[in-house]
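File shown: query.cif. Contents: mmCIF, C-alpha atoms and all ligand atoms.
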data_coords
loop_
_atom_site.label_atom_id
_atom_site.label_comp_id
_atom_site.auth_asym_id
_atom_site.auth_seq_id
_atom_site.Cartn_x
_atom_site.Cartn_y
_atom_site.Cartn_z
CA MET A 90 43.00 -84.15 40.34
CA SER A 91 45.08 -82.80 37.49
CA THR A 92 44.02 -79.67 35.67
CA PRO A 93 43.73 -79.71 31.88
CA VAL A 94 46.72 -77.98 30.29
CA ARG A 95 46.12 -75.25 27.73
CA GLN A 96 49.04 -73.81 25.84
CA THR A 97 47.35 -71.02 23.98
CA ASP A 98 49.96 -68.55 25.19
CA SER A 99 52.42 -69.63 22.53
CA VAL A 100 50.06 -68.94 19.64
CA ALA A 101 49.49 -65.46 18.30
CA ALA A 102 45.89 -64.25 18.38
CA PRO A 103 44.62 -62.13 15.46
CA GLU A 104 45.30 -58.43 15.87
CA GLN A 105 42.63 -56.31 17.58
CA GLY A 106 39.85 -55.55 15.07
CA ALA A 107 41.24 -57.95 12.42
CA ALA A 108 38.91 -60.54 10.89
CA PRO A 109 39.35 -63.99 12.44
CA ARG A 110 41.55 -66.42 10.54
CA ARG A 111 39.59 -68.98 8.55
CA VAL A 112 41.09 -72.40 9.14
CA LEU A 113 40.27 -75.87 7.78
CA VAL A 114 41.17 -78.88 9.94
CA THR A 115 40.75 -82.27 8.26
CA GLY A 116 40.41 -85.16 10.69
CA GLY A 117 39.53 -82.55 13.32
CA ALA A 118 37.31 -84.93 15.32
CA GLY A 119 40.24 -87.26 15.81
CA PHE A 120 42.70 -87.39 18.66
CA ILE A 121 45.28 -84.83 17.50
CA GLY A 122 42.85 -82.85 15.32
CA SER A 123 40.44 -82.16 18.16
CA HIS A 124 43.18 -80.76 20.40
CA LEU A 125 44.35 -78.59 17.52
CA THR A 126 40.78 -77.38 16.97
CA ASP A 127 40.52 -76.45 20.67
CA LEU A 128 43.71 -74.41 20.35
CA LEU A 129 42.60 -72.62 17.17
CA LEU A 130 39.20 -71.75 18.64
CA ALA A 131 40.90 -70.45 21.79
CA ARG A 132 43.07 -68.09 19.72
CA GLY A 133 39.97 -66.70 17.98
CA ASP A 134 39.98 -68.52 14.62
CA GLU A 135 36.95 -69.58 12.60
CA VAL A 136 37.41 -73.32 12.24
CA THR A 137 35.87 -75.72 9.73
CA VAL A 138 36.37 -79.39 10.64
CA VAL A 139 35.85 -82.10 8.04
CA ASP A 140 35.79 -85.63 9.42
CA ASN A 141 34.02 -88.83 8.40
CA LEU A 142 34.13 -90.12 12.00
CA SER A 143 35.74 -93.39 10.87
CA THR A 144 38.10 -93.30 13.86
CA GLY A 145 37.26 -89.84 15.24
CA ARG A 146 34.41 -88.92 17.58
CA ARG A 147 32.06 -85.95 17.36
CA GLU A 148 32.18 -85.62 21.16
CA ASN A 149 35.90 -84.79 20.96
CA LEU A 150 34.78 -81.35 19.77
CA PRO A 151 32.63 -78.72 21.50
CA ALA A 152 28.93 -79.57 21.01
CA ARG A 153 28.29 -75.95 19.99
CA HIS A 154 30.68 -73.10 19.31
CA PRO A 155 29.95 -69.92 17.35
CA ARG A 156 33.22 -70.20 15.39
CA LEU A 157 33.17 -73.98 14.76
CA ARG A 158 31.59 -75.59 11.70
CA PHE A 159 31.58 -79.40 11.61
CA ILE A 160 31.15 -81.26 8.31
CA GLU A 161 30.70 -85.01 8.62
CA ALA A 162 31.90 -86.35 5.27
CA ASP A 163 34.74 -88.00 3.42
CA LEU A 164 37.25 -85.27 2.84
CA SER A 165 37.25 -85.48 -0.97
CA HIS A 166 33.43 -85.24 -1.05
CA ALA A 167 33.44 -82.23 1.29
CA LEU A 168 36.06 -80.47 -0.84
CA ASP A 169 34.05 -81.11 -4.01
CA ALA A 170 30.99 -79.60 -2.32
CA MET A 171 32.81 -76.40 -1.30
CA GLY A 172 32.33 -73.61 -3.81
CA LYS A 173 35.07 -71.44 -5.34
CA GLY A 174 34.33 -68.68 -2.83
CA GLU A 175 35.12 -70.94 0.13
CA THR A 176 38.63 -69.86 1.15
CA PHE A 177 40.92 -70.59 4.08
CA ASP A 178 43.94 -68.77 5.47
CA GLN A 179 45.38 -72.02 6.81
CA ILE A 180 44.74 -75.73 6.30
CA TYR A 181 45.85 -78.52 8.66
CA HIS A 182 45.50 -81.93 7.03
CA LEU A 183 45.28 -84.66 9.68
CA ALA A 184 42.62 -86.97 8.18
CA ALA A 185 44.16 -90.38 7.56
CA ALA A 186 43.88 -94.07 8.19
CA VAL A 187 46.16 -94.10 11.22
CA GLY A 188 48.52 -96.67 12.58
CA VAL A 189 50.15 -99.86 11.51
CA ARG A 190 47.49 -102.19 12.87
CA LEU A 191 44.64 -100.57 10.92
CA VAL A 192 46.69 -100.73 7.74
CA VAL A 193 47.55 -104.39 8.29
CA GLU A 194 43.86 -105.19 8.83
CA ARG A 195 42.36 -103.03 6.03
CA PRO A 196 45.14 -102.22 3.57
CA ILE A 197 43.08 -101.16 0.53
CA GLU A 198 40.95 -98.59 2.37
CA SER A 199 43.96 -97.33 4.28
CA ILE A 200 46.20 -96.78 1.28
CA ASP A 201 43.32 -95.20 -0.67
CA THR A 202 42.52 -92.84 2.20
CA ASN A 203 46.06 -91.71 2.81
CA VAL A 204 46.98 -91.11 -0.81
CA GLU A 205 43.72 -90.04 -2.51
CA GLN A 206 42.44 -87.73 0.22
CA THR A 207 45.80 -85.97 0.49
CA SER A 208 45.99 -85.56 -3.28
CA ALA A 209 42.47 -84.03 -3.32
CA LEU A 210 43.33 -81.73 -0.40
CA LEU A 211 46.52 -80.38 -1.98
CA LYS A 212 44.76 -79.70 -5.28
CA PHE A 213 42.05 -77.82 -3.36
CA ALA A 214 44.59 -75.84 -1.32
CA VAL A 215 46.22 -74.33 -4.41
CA THR A 216 43.15 -72.23 -5.26
CA HIS A 217 41.31 -71.91 -1.93
CA GLY A 218 43.59 -69.55 -0.01
CA PRO A 219 42.88 -65.83 0.55
CA ALA A 220 41.61 -64.20 -2.70
CA GLY A 221 41.92 -67.52 -4.55
CA ARG A 222 45.66 -67.78 -3.92
CA PRO A 223 47.27 -70.91 -2.37
CA ALA A 224 46.45 -71.56 1.31
CA ALA A 225 49.21 -72.24 3.84
CA THR A 226 48.92 -75.99 4.37
CA LEU A 227 50.37 -78.36 6.98
CA ILE A 228 50.42 -82.06 6.13
CA ALA A 229 50.56 -84.56 9.01
CA SER A 230 53.07 -87.27 8.29
CA SER A 231 54.58 -89.94 10.50
CA SER A 232 57.88 -91.19 11.87
CA GLU A 233 56.87 -94.47 10.19
CA VAL A 234 58.13 -92.82 6.98
CA TYR A 235 61.70 -93.55 8.11
CA GLY A 236 61.00 -97.30 7.94
CA LYS A 237 63.71 -99.36 9.61
CA PRO A 238 67.06 -97.58 9.26
CA ASP A 239 70.06 -98.65 11.37
CA LYS A 240 70.84 -95.21 12.76
CA SER A 241 69.20 -93.23 15.53
CA PRO A 242 68.05 -90.53 16.05
CA PHE A 243 66.19 -90.00 12.78
CA SER A 244 66.94 -86.79 10.89
CA GLU A 245 64.61 -85.38 8.27
CA ASP A 246 67.02 -85.86 5.36
CA ASP A 247 67.93 -89.47 6.22
CA ASP A 248 67.38 -92.22 3.68
CA VAL A 249 64.27 -94.33 4.27
CA VAL A 250 64.46 -98.14 4.47
CA TYR A 251 61.38 -100.34 4.00
CA GLY A 252 60.65 -104.04 3.95
CA PRO A 253 59.17 -105.81 0.93
CA THR A 254 55.77 -104.92 -0.55
CA THR A 255 54.51 -108.38 0.45
CA LYS A 256 54.44 -107.11 4.04
CA ALA A 257 51.38 -104.86 4.41
CA ARG A 258 52.98 -103.28 7.47
CA TRP A 259 55.14 -101.06 5.24
CA SER A 260 52.24 -99.70 3.21
CA TYR A 261 51.42 -97.17 5.94
CA ALA A 262 54.96 -95.79 5.74
CA ALA A 263 54.84 -95.78 1.94
CA SER A 264 51.44 -94.04 1.83
CA LYS A 265 52.65 -91.31 4.17
CA ALA A 266 55.84 -90.95 2.11
CA ILE A 267 53.69 -90.40 -1.01
CA ASP A 268 51.80 -87.69 0.92
CA GLU A 269 55.12 -86.00 1.62
CA TYR A 270 56.26 -86.25 -2.01
CA LEU A 271 52.95 -84.73 -3.10
CA ALA A 272 53.14 -81.85 -0.62
CA LEU A 273 56.71 -81.02 -1.60
CA ALA A 274 55.81 -81.28 -5.29
CA TYR A 275 52.86 -78.88 -4.86
CA HIS A 276 55.22 -76.48 -3.12
CA ALA A 277 57.81 -76.71 -5.89
CA GLN A 278 55.49 -76.74 -8.92
CA ARG A 279 52.42 -74.77 -7.81
CA GLY A 280 53.90 -72.50 -5.15
CA LEU A 281 51.81 -74.01 -2.33
CA PRO A 282 53.09 -72.82 1.08
CA ALA A 283 53.17 -76.37 2.44
CA VAL A 284 54.99 -77.79 5.44
CA VAL A 285 55.29 -81.47 6.40
CA ALA A 286 55.12 -82.42 10.10
CA ARG A 287 56.48 -85.92 10.80
CA PHE A 288 54.83 -86.85 14.09
CA PHE A 289 56.54 -89.29 16.41
CA ASN A 290 54.45 -91.07 19.07
CA THR A 291 51.84 -88.61 20.26
CA VAL A 292 49.86 -89.40 23.40
CA GLY A 293 47.31 -87.85 25.72
CA PRO A 294 43.67 -87.38 26.60
CA ARG A 295 41.08 -88.59 24.02
CA GLN A 296 43.46 -91.12 22.50
CA VAL A 297 41.77 -94.50 22.18
CA GLY A 298 43.36 -97.92 22.17
CA SER A 299 41.09 -99.59 19.59
CA TYR A 300 43.75 -99.58 16.86
CA GLY A 301 46.55 -100.76 19.10
CA MET A 302 47.83 -97.40 20.40
CA VAL A 303 50.00 -98.40 23.31
CA LEU A 304 49.45 -95.85 26.07
CA PRO A 305 45.62 -95.79 26.17
CA ASN A 306 45.67 -99.60 26.18
CA PHE A 307 48.09 -99.65 29.11
CA VAL A 308 46.06 -97.07 31.04
CA ALA A 309 42.75 -98.89 30.43
CA SER A 310 44.27 -102.21 31.55
CA ALA A 311 45.85 -100.62 34.63
CA LEU A 312 42.52 -99.09 35.67
CA LYS A 313 40.86 -102.50 35.39
CA GLY A 314 43.67 -104.25 37.23
CA GLU A 315 44.34 -106.42 34.16
CA ASP A 316 47.74 -107.44 32.79
CA LEU A 317 49.51 -104.86 30.63
CA ILE A 318 50.43 -106.71 27.43
CA VAL A 319 53.88 -105.82 26.14
CA HIS A 320 55.03 -107.23 22.81
CA GLY A 321 58.37 -108.99 22.46
CA ASP A 322 60.91 -108.49 25.24
CA GLY A 323 59.64 -104.99 26.05
CA ARG A 324 63.07 -103.44 25.50
CA GLN A 325 61.99 -101.78 22.22
CA SER A 326 61.87 -98.10 22.97
CA ARG A 327 59.93 -95.04 21.87
CA CYS A 328 59.63 -91.32 22.57
CA PHE A 329 56.21 -90.09 23.69
CA CYS A 330 55.10 -86.48 23.38
CA ASP A 331 51.92 -85.06 24.87
CA VAL A 332 49.40 -84.06 22.22
CA ARG A 333 49.02 -80.59 23.76
CA ASP A 334 52.73 -79.93 23.21
CA VAL A 335 52.44 -81.22 19.65
CA VAL A 336 49.47 -79.09 18.61
CA ALA A 337 50.93 -75.95 20.20
CA VAL A 338 53.83 -75.98 17.76
CA LEU A 339 51.82 -76.58 14.56
CA PRO A 340 50.51 -73.02 14.02
CA ARG A 341 54.02 -71.71 14.66
CA LEU A 342 55.44 -74.10 12.06
CA LEU A 343 52.85 -73.13 9.48
CA GLY A 344 53.10 -69.43 10.29
CA ALA A 345 56.85 -69.20 9.65
CA PRO A 346 57.37 -68.79 5.85
CA GLU A 347 60.91 -70.20 6.03
CA THR A 348 59.43 -73.60 6.98
CA HIS A 349 57.45 -73.94 3.75
CA GLY A 350 58.66 -76.69 1.42
CA ARG A 351 60.39 -78.43 4.31
CA VAL A 352 59.91 -81.49 6.52
CA PHE A 353 60.04 -81.33 10.34
CA ASN A 354 60.22 -84.02 13.00
CA VAL A 355 57.67 -83.25 15.74
CA GLY A 356 57.77 -85.09 19.05
CA SER A 357 59.81 -85.72 22.15
CA ASP A 358 63.38 -87.04 22.14
CA THR A 359 63.14 -88.53 25.61
CA VAL A 360 63.41 -92.29 25.25
CA ILE A 361 61.61 -94.95 27.26
CA ALA A 362 61.46 -98.74 26.80
CA ILE A 363 57.92 -100.07 26.38
CA ALA A 364 58.24 -102.32 29.45
CA ASP A 365 59.30 -99.26 31.47
CA LEU A 366 56.35 -97.33 30.10
CA ALA A 367 54.07 -100.10 31.36
CA GLY A 368 55.74 -99.91 34.77
CA ALA A 369 55.31 -96.13 34.81
CA VAL A 370 51.58 -96.46 34.11
CA ILE A 371 51.17 -99.03 36.87
CA SER A 372 52.98 -96.94 39.45
CA THR A 373 51.49 -93.58 38.44
CA LEU A 374 47.98 -95.00 38.74
CA SER A 375 48.76 -97.14 41.81
CA SER A 376 47.47 -100.17 39.93
CA ARG A 377 47.69 -103.84 40.94
CA SER A 378 48.26 -104.82 37.31
CA ARG A 379 51.32 -106.74 36.15
CA VAL A 380 53.31 -106.58 32.93
CA ARG A 381 52.94 -109.63 30.64
CA LEU A 382 55.27 -110.19 27.67
CA VAL A 383 53.64 -111.63 24.53
CA PRO A 384 55.55 -112.59 21.34
CA TYR A 385 54.94 -110.36 18.29
CA ASP A 386 53.86 -113.36 16.18
CA ALA A 387 50.98 -114.05 18.55
CA VAL A 388 49.61 -110.54 17.98
CA PHE A 389 50.52 -109.55 14.42
CA GLY A 390 51.10 -112.93 12.74
CA ALA A 391 54.35 -114.48 11.56
CA GLY A 392 57.15 -112.25 10.31
CA PHE A 393 55.95 -108.92 11.79
CA GLU A 394 58.81 -106.42 11.81
CA ASP A 395 59.04 -103.85 14.57
CA LEU A 396 61.76 -101.34 15.29
CA ARG A 397 63.95 -101.53 18.37
CA GLN A 398 64.61 -97.82 18.44
CA ARG A 399 62.88 -94.70 17.24
CA GLN A 400 63.95 -91.24 18.33
CA PRO A 401 63.63 -87.94 16.49
CA ASP A 402 66.47 -85.54 15.89
CA LEU A 403 64.79 -82.27 16.88
CA ARG A 404 67.53 -79.85 15.87
CA ARG A 405 65.64 -78.60 12.80
CA ILE A 406 62.37 -77.76 14.55
CA ARG A 407 64.21 -76.27 17.53
CA ALA A 408 66.17 -73.98 15.23
CA ALA A 409 63.06 -72.98 13.25
CA VAL A 410 60.50 -72.35 16.00
CA GLY A 411 62.18 -73.17 19.32
CA PHE A 412 60.12 -76.29 20.06
CA GLU A 413 60.48 -77.83 23.54
CA PRO A 414 57.88 -80.28 24.93
CA ARG A 415 56.76 -79.25 28.42
CA ILE A 416 54.26 -81.80 29.69
CA SER A 417 55.64 -84.73 31.71
CA LEU A 418 54.80 -88.33 30.92
CA GLU A 419 53.37 -88.69 34.42
CA ARG A 420 50.99 -85.81 33.76
CA THR A 421 49.97 -87.31 30.42
CA ILE A 422 49.22 -90.68 32.03
CA GLN A 423 47.15 -89.00 34.75
CA ASP A 424 45.16 -86.89 32.28
CA LEU A 425 44.53 -89.87 30.00
CA ALA A 426 43.34 -91.87 33.00
CA THR A 427 41.17 -88.98 34.20
CA GLY A 428 39.41 -89.05 30.82
CA MET A 429 38.65 -92.72 31.52
CA GLY A 430 37.12 -91.96 34.90
CA TRP A 431 40.17 -92.22 37.19
CA THR A 432 40.66 -89.96 40.18
CA PRO A 433 43.91 -89.89 42.17
CA ASP A 434 42.10 -90.60 45.45
CA GLN A 435 40.74 -93.88 44.06
CA PRO A 436 43.90 -95.92 43.50
CA ARG A 437 43.58 -99.32 41.82
CA GLY A 438 46.06 -101.16 44.02
CA ASP A 439 48.80 -100.86 46.55
CA ALA A 440 51.74 -99.72 44.42
CA ARG A 441 53.28 -96.44 45.49
CA VAL A 442 52.78 -93.44 43.18
CA HIS A 443 56.13 -92.10 42.07
CA THR A 444 57.36 -89.36 39.79
CA ILE A 445 58.64 -90.58 36.47
CA ALA A 446 62.09 -89.32 35.77
CA ALA A 447 63.14 -88.74 32.18
CA LYS A 448 64.68 -92.06 31.18
CA THR A 449 67.35 -91.47 28.57
CA LYS A 450 67.98 -88.26 26.73
CA ALA A 451 69.88 -88.38 23.46
CA THR A 452 72.61 -90.88 24.32
CA PRO A 453 75.41 -89.92 21.94
CA SER A 454 76.16 -92.37 19.15
CA PRO A 455 78.98 -92.09 16.64
CA ALA A 456 76.65 -93.21 13.84
CA SER A 457 74.46 -90.18 14.32
CA GLY A 458 76.95 -87.42 14.49
CA GLY A 459 77.08 -87.17 18.27
CA ARG A 460 73.32 -87.08 18.97
CA ALA A 461 71.45 -90.27 19.48
CA GLY A 462 69.65 -92.57 21.84
CA ALA A 463 67.15 -95.34 21.56
CA SER A 464 63.56 -95.33 20.47
CA GLY A 465 61.23 -97.30 18.28
CA SER A 466 57.92 -97.41 16.44
CA GLY A 467 54.75 -97.90 18.43
CA GLU A 468 52.16 -96.09 16.33
CA GLY A 469 49.81 -98.96 16.84
CA GLY A 470 52.23 -101.37 18.39
CA ALA A 471 53.75 -101.81 21.76
N1 LIG B 501 48.85 -90.34 17.03
C1 LIG B 501 50.10 -90.51 16.65
O1 LIG B 501 50.96 -90.91 17.45
C2 LIG B 501 50.53 -90.19 15.24
C3 LIG B 501 51.86 -90.47 14.89
C4 LIG B 501 52.27 -90.19 13.61
C5 LIG B 501 51.42 -89.59 12.69
N2 LIG B 501 50.13 -89.31 13.07
C6 LIG B 501 49.27 -88.66 12.07
O2 LIG B 501 48.50 -87.62 12.68
C7 LIG B 501 47.22 -87.51 12.05
C8 LIG B 501 46.12 -87.60 13.09
O3 LIG B 501 46.21 -88.85 13.77
P1 LIG B 501 45.40 -89.19 15.11
O4 LIG B 501 46.32 -89.92 16.00
O5 LIG B 501 44.72 -87.99 15.60
O6 LIG B 501 44.36 -90.28 14.57
P2 LIG B 501 42.76 -90.27 14.54
O7 LIG B 501 42.37 -91.57 13.93
O8 LIG B 501 42.24 -89.93 15.86
O9 LIG B 501 42.47 -89.07 13.54
C9 LIG B 501 42.29 -89.21 12.16
C10 LIG B 501 40.95 -88.59 11.82
O10 LIG B 501 40.74 -88.61 10.42
C11 LIG B 501 39.39 -88.97 10.16
N3 LIG B 501 39.34 -89.51 8.80
C12 LIG B 501 39.90 -90.67 8.33
N4 LIG B 501 39.65 -90.80 7.02
C13 LIG B 501 38.93 -89.71 6.65
C14 LIG B 501 38.38 -89.28 5.40
N5 LIG B 501 38.52 -90.01 4.28
N6 LIG B 501 37.67 -88.13 5.37
C15 LIG B 501 37.53 -87.38 6.50
N7 LIG B 501 38.03 -87.74 7.70
C16 LIG B 501 38.73 -88.89 7.78
C17 LIG B 501 39.05 -89.96 11.26
O11 LIG B 501 37.67 -90.11 11.50
C18 LIG B 501 39.78 -89.34 12.45
O12 LIG B 501 38.94 -88.42 13.14
C19 LIG B 501 47.18 -88.63 10.99
O13 LIG B 501 47.51 -88.09 9.73
C20 LIG B 501 48.27 -89.60 11.44
O14 LIG B 501 48.81 -90.34 10.37
C21 LIG B 501 49.67 -89.60 14.32
#

Would you put the structure from the file into C-alpha cells?
Ligand SMILES: NC(=O)c1ccc[n+]([C@@H]2O[C@H](COP(=O)([O-])OP(=O)(O)OC[C@H]3O[C@@H](n4cnc5c(N)ncnc54)[C@H](O)[C@@H]3O)[C@@H](O)[C@H]2O)c1
Amino acid sequence: MSTPVRQTDSVAAPEQGAAPRRVLVTGGAGFIGSHLTDLLLARGDEVTVVDNLSTGRRENLPARHPRLRFIEADLSHALDAMGKGETFDQIYHLAAAVGVRLVVERPIESIDTNVEQTSALLKFAVTHGPAGRPAATLIASSSEVYGKPDKSPFSEDDDVVYGPTTKARWSYAASKAIDEYLALAYHAQRGLPAVVARFFNTVGPRQVGSYGMVLPNFVASALKGEDLIVHGDGRQSRCFCDVRDVVAVLPRLLGAPETHGRVFNVGSDTVIAIADLAGAVISTLSSRSRVRLVPYDAVFGAGFEDLRQRQPDLRRIRAAVGFEPRISLERTIQDLATGMGWTPDQPRGDARVHTIAAKTKATPSPASGGRAGASGSGEGGA
C-alpha cells in the first residue's frame, strides 16, 4: 500500500506568532485546487475556496477544517458578494472549464468561463490585497496555449500557432491565452503582482476521467480488466507530472517577487508515448487489460488535430525557484488506483509488476537550441 505524499516541507510556514496568511483559491474543489488547498492548510494558512462544483467535488476537500471556508458559487458572483473589507494576501486562480473535450462539447460556456471569470478575478485582485492594495495572484494557464508549433520543447517566449477558428478545439488555447494577456496587462497597467503558471499534463489522485483525461481513464479501465483505448497510433507523447509536485511549487512561484509579470512552464520534462503510458498502467497494476488503438476521427469527429509532441522547457522555473519533480510515474499510477479502490495485494491479472524507468529525457534537437525531446497534448485527449 502506498503512503500519500505530502510535500509541505518546501513551503514556508508563517513566522511564529504572525497572523495566518489569508488565501483565496478559485476552483479549489477541483483536482489541482484541492491538492493546493491541502498544502496551504498544512502550512497554516486561512483558505477561502470558491467553486461552483461544475467539475469539482466537495469531497475533495476536508469536510470540516477550522481554517477552511468553502463558498459554492460561480466565481464572479462570489467576488461581487465579498465586501471591500474582504482581503487576501495571495490568490490562486484555478477555476476554469478544463480540457479540450469539454470545450469541444460546450464551447460557449467554456469560453465564457475562462475569459469572464478571469477578468472578474483580476479586477477584484487589484483592490483586495492587504490594506486594499493589490493581492499577489497566480493564474493557472495551460500548455495548450502553445498550440501546434513545430519545435520542442516549448519555451515561454515561443510564438504560438493555432488552427482556424472554425475548429472549436483551439478555443481552449485561445481562451487561456486571453487569460494570460489579461494577467500581464493587469501587472503592467495596475501594478498587480501576477504570475502565470502554464501547466503541462498534471496527474494524480482525485483526477477523474469524465472529460477525457488520459491517466484516470487508463487506470479505471485497467482495474476493470477492460481495453485501454489509445487514440491514433499511440506514438504521440506527453510529459506527466504528479499534482503534488505541481502544487508544491506554486506558493514558491507566487512568493518570489522577481516572478511577477512573467510566465512559467510547470510540469515534468520526462517524455512518454501514450501507448507506453498505457503499458505502464497495465504492468504497474498487474492488469489483464490490453491496449486498443482507435482512430482520432472515431472519438473527436473528422479533422481533429492533436499534437505529436509536447514537452516543457523548464529552464526558467528551475532558475527562478529550483523546481524538480520528485514523484515517479509508477507512484502516481498506484496512488490514483488506490483512490479507486485498488490494493497492491489484489492484482487484476497475471502481468508482472515492474518499475517504470524514465523514458526519454530532453533528447537534444538542433531546432530547440540543444534541449528537446518529444511530447504532446493530452489535456483531455490520449
Ligand atoms: N489538469 C491538467 O493537466 C491541467 C493542464 C493545464 C492547465 N490546467 C489548468 O489548471 C486549472 C485546474 O484544473 P484541474 O485539472 O484541477 O480541473 P478541475 O476541473 O478539476 O478544476 C477546475 C475547478 O473549477 C471549478 N469551476 C469551473 N468554473 C467555475 C466557475 N465559473 N466558478 C467557480 N468555480 C468554477 C470546477 O468546479 C472545478 O472544481 C485550470 O485552470 C486548468 O485550465 C490543468

Kindly list the centre and edge lengths in Å, rounded to one decimal, for the axis-aligned box that covers all listed atoms of ligand LIG 501 (chain B) plus 4 Å on each of its six sides, as JSON.
{"center_x": 44.9, "center_y": -89.5, "center_z": 10.9, "size_x": 22.7, "size_y": 12.2, "size_z": 21.2}

TODO: Throw together the list of residues within 6 Å of ligand LIG 501 (chain B), counting all atoms listed in the file, and drop it here as a VMD selection string.
DONE: chain A and resid 116 to 122 139 to 145 162 to 164 183 to 187 202 229 to 232 288 to 291 468

Task: Polymer residues at most 12 Å from Arg404 of chain A, all atoms listed in the file, same-chain spacing of 4 or more positions, as a PyMOL selection string - done: chain A and resi 242-245+353-358+408-413+451+460-461

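From atom CA of Ala107 of chain A back to atom CA of Gly133 of chain A, the distance works out to 10.4 Å.
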
Counting only C-alpha atoms, what is within 10 Å of Ile267 of chain A, bar same-chain residues fewer than 5 positions away, as a compact mmCIF listing (two decimals) with C-alpha atoms, in the frame of the given file?
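Wrote it out as around_8.txt, contents follow:
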# COMPACT_ATOMS: atom_id res chain seq x y z
CA ASN A 203 46.06 -91.71 2.81
CA VAL A 204 46.98 -91.11 -0.81
CA THR A 207 45.80 -85.97 0.49
CA SER A 208 45.99 -85.56 -3.28
CA SER A 230 53.07 -87.27 8.29
CA VAL A 234 58.13 -92.82 6.98
CA TYR A 261 51.42 -97.17 5.94
CA ALA A 262 54.96 -95.79 5.74
CA ALA A 272 53.14 -81.85 -0.62
CA LEU A 273 56.71 -81.02 -1.60

Would you mind putting N, CA and C atoms back on segment 187-198 of chain A and writing the result as a PDB file, in the frame of the given file?
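part.pdb was written with the following content:
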ATOM      1  N   VAL A 187      45.008 -94.280  10.334  1.00  0.00           N
ATOM      2  CA  VAL A 187      46.160 -94.100  11.220  1.00  0.00           C
ATOM      3  C   VAL A 187      46.619 -95.409  11.834  1.00  0.00           C
ATOM      4  N   GLY A 188      47.906 -95.591  11.803  1.00  0.00           N
ATOM      5  CA  GLY A 188      48.520 -96.670  12.580  1.00  0.00           C
ATOM      6  C   GLY A 188      48.721 -97.947  11.800  1.00  0.00           C
ATOM      7  N   VAL A 189      49.731 -98.661  12.220  1.00  0.00           N
ATOM      8  CA  VAL A 189      50.150 -99.860  11.510  1.00  0.00           C
ATOM      9  C   VAL A 189      49.087-100.954  11.587  1.00  0.00           C
ATOM     10  N   ARG A 190      48.442-101.092  12.733  1.00  0.00           N
ATOM     11  CA  ARG A 190      47.490-102.190  12.870  1.00  0.00           C
ATOM     12  C   ARG A 190      46.298-102.035  11.921  1.00  0.00           C
ATOM     13  N   LEU A 191      45.766-100.812  11.819  1.00  0.00           N
ATOM     14  CA  LEU A 191      44.640-100.570  10.920  1.00  0.00           C
ATOM     15  C   LEU A 191      45.025-100.891   9.481  1.00  0.00           C
ATOM     16  N   VAL A 192      46.238-100.514   9.112  1.00  0.00           N
ATOM     17  CA  VAL A 192      46.690-100.730   7.740  1.00  0.00           C
ATOM     18  C   VAL A 192      46.896-102.220   7.466  1.00  0.00           C
ATOM     19  N   VAL A 193      47.369-102.948   8.469  1.00  0.00           N
ATOM     20  CA  VAL A 193      47.550-104.390   8.290  1.00  0.00           C
ATOM     21  C   VAL A 193      46.181-105.063   8.138  1.00  0.00           C
ATOM     22  N   GLU A 194      45.185-104.567   8.882  1.00  0.00           N
ATOM     23  CA  GLU A 194      43.860-105.190   8.830  1.00  0.00           C
ATOM     24  C   GLU A 194      43.058-104.785   7.598  1.00  0.00           C
ATOM     25  N   ARG A 195      43.181-103.525   7.160  1.00  0.00           N
ATOM     26  CA  ARG A 195      42.360-103.030   6.030  1.00  0.00           C
ATOM     27  C   ARG A 195      43.237-102.236   5.076  1.00  0.00           C
ATOM     28  N   PRO A 196      44.132-102.950   4.374  1.00  0.00           N
ATOM     29  CA  PRO A 196      45.140-102.220   3.570  1.00  0.00           C
ATOM     30  C   PRO A 196      44.562-101.405   2.421  1.00  0.00           C
ATOM     31  N   ILE A 197      43.555-101.912   1.720  1.00  0.00           N
ATOM     32  CA  ILE A 197      43.080-101.160   0.530  1.00  0.00           C
ATOM     33  C   ILE A 197      42.507 -99.810   0.955  1.00  0.00           C
ATOM     34  N   GLU A 198      41.573 -99.840   1.927  1.00  0.00           N
ATOM     35  CA  GLU A 198      40.950 -98.590   2.370  1.00  0.00           C
ATOM     36  C   GLU A 198      41.995 -97.630   2.944  1.00  0.00           C
TER      37      GLU A 198
END
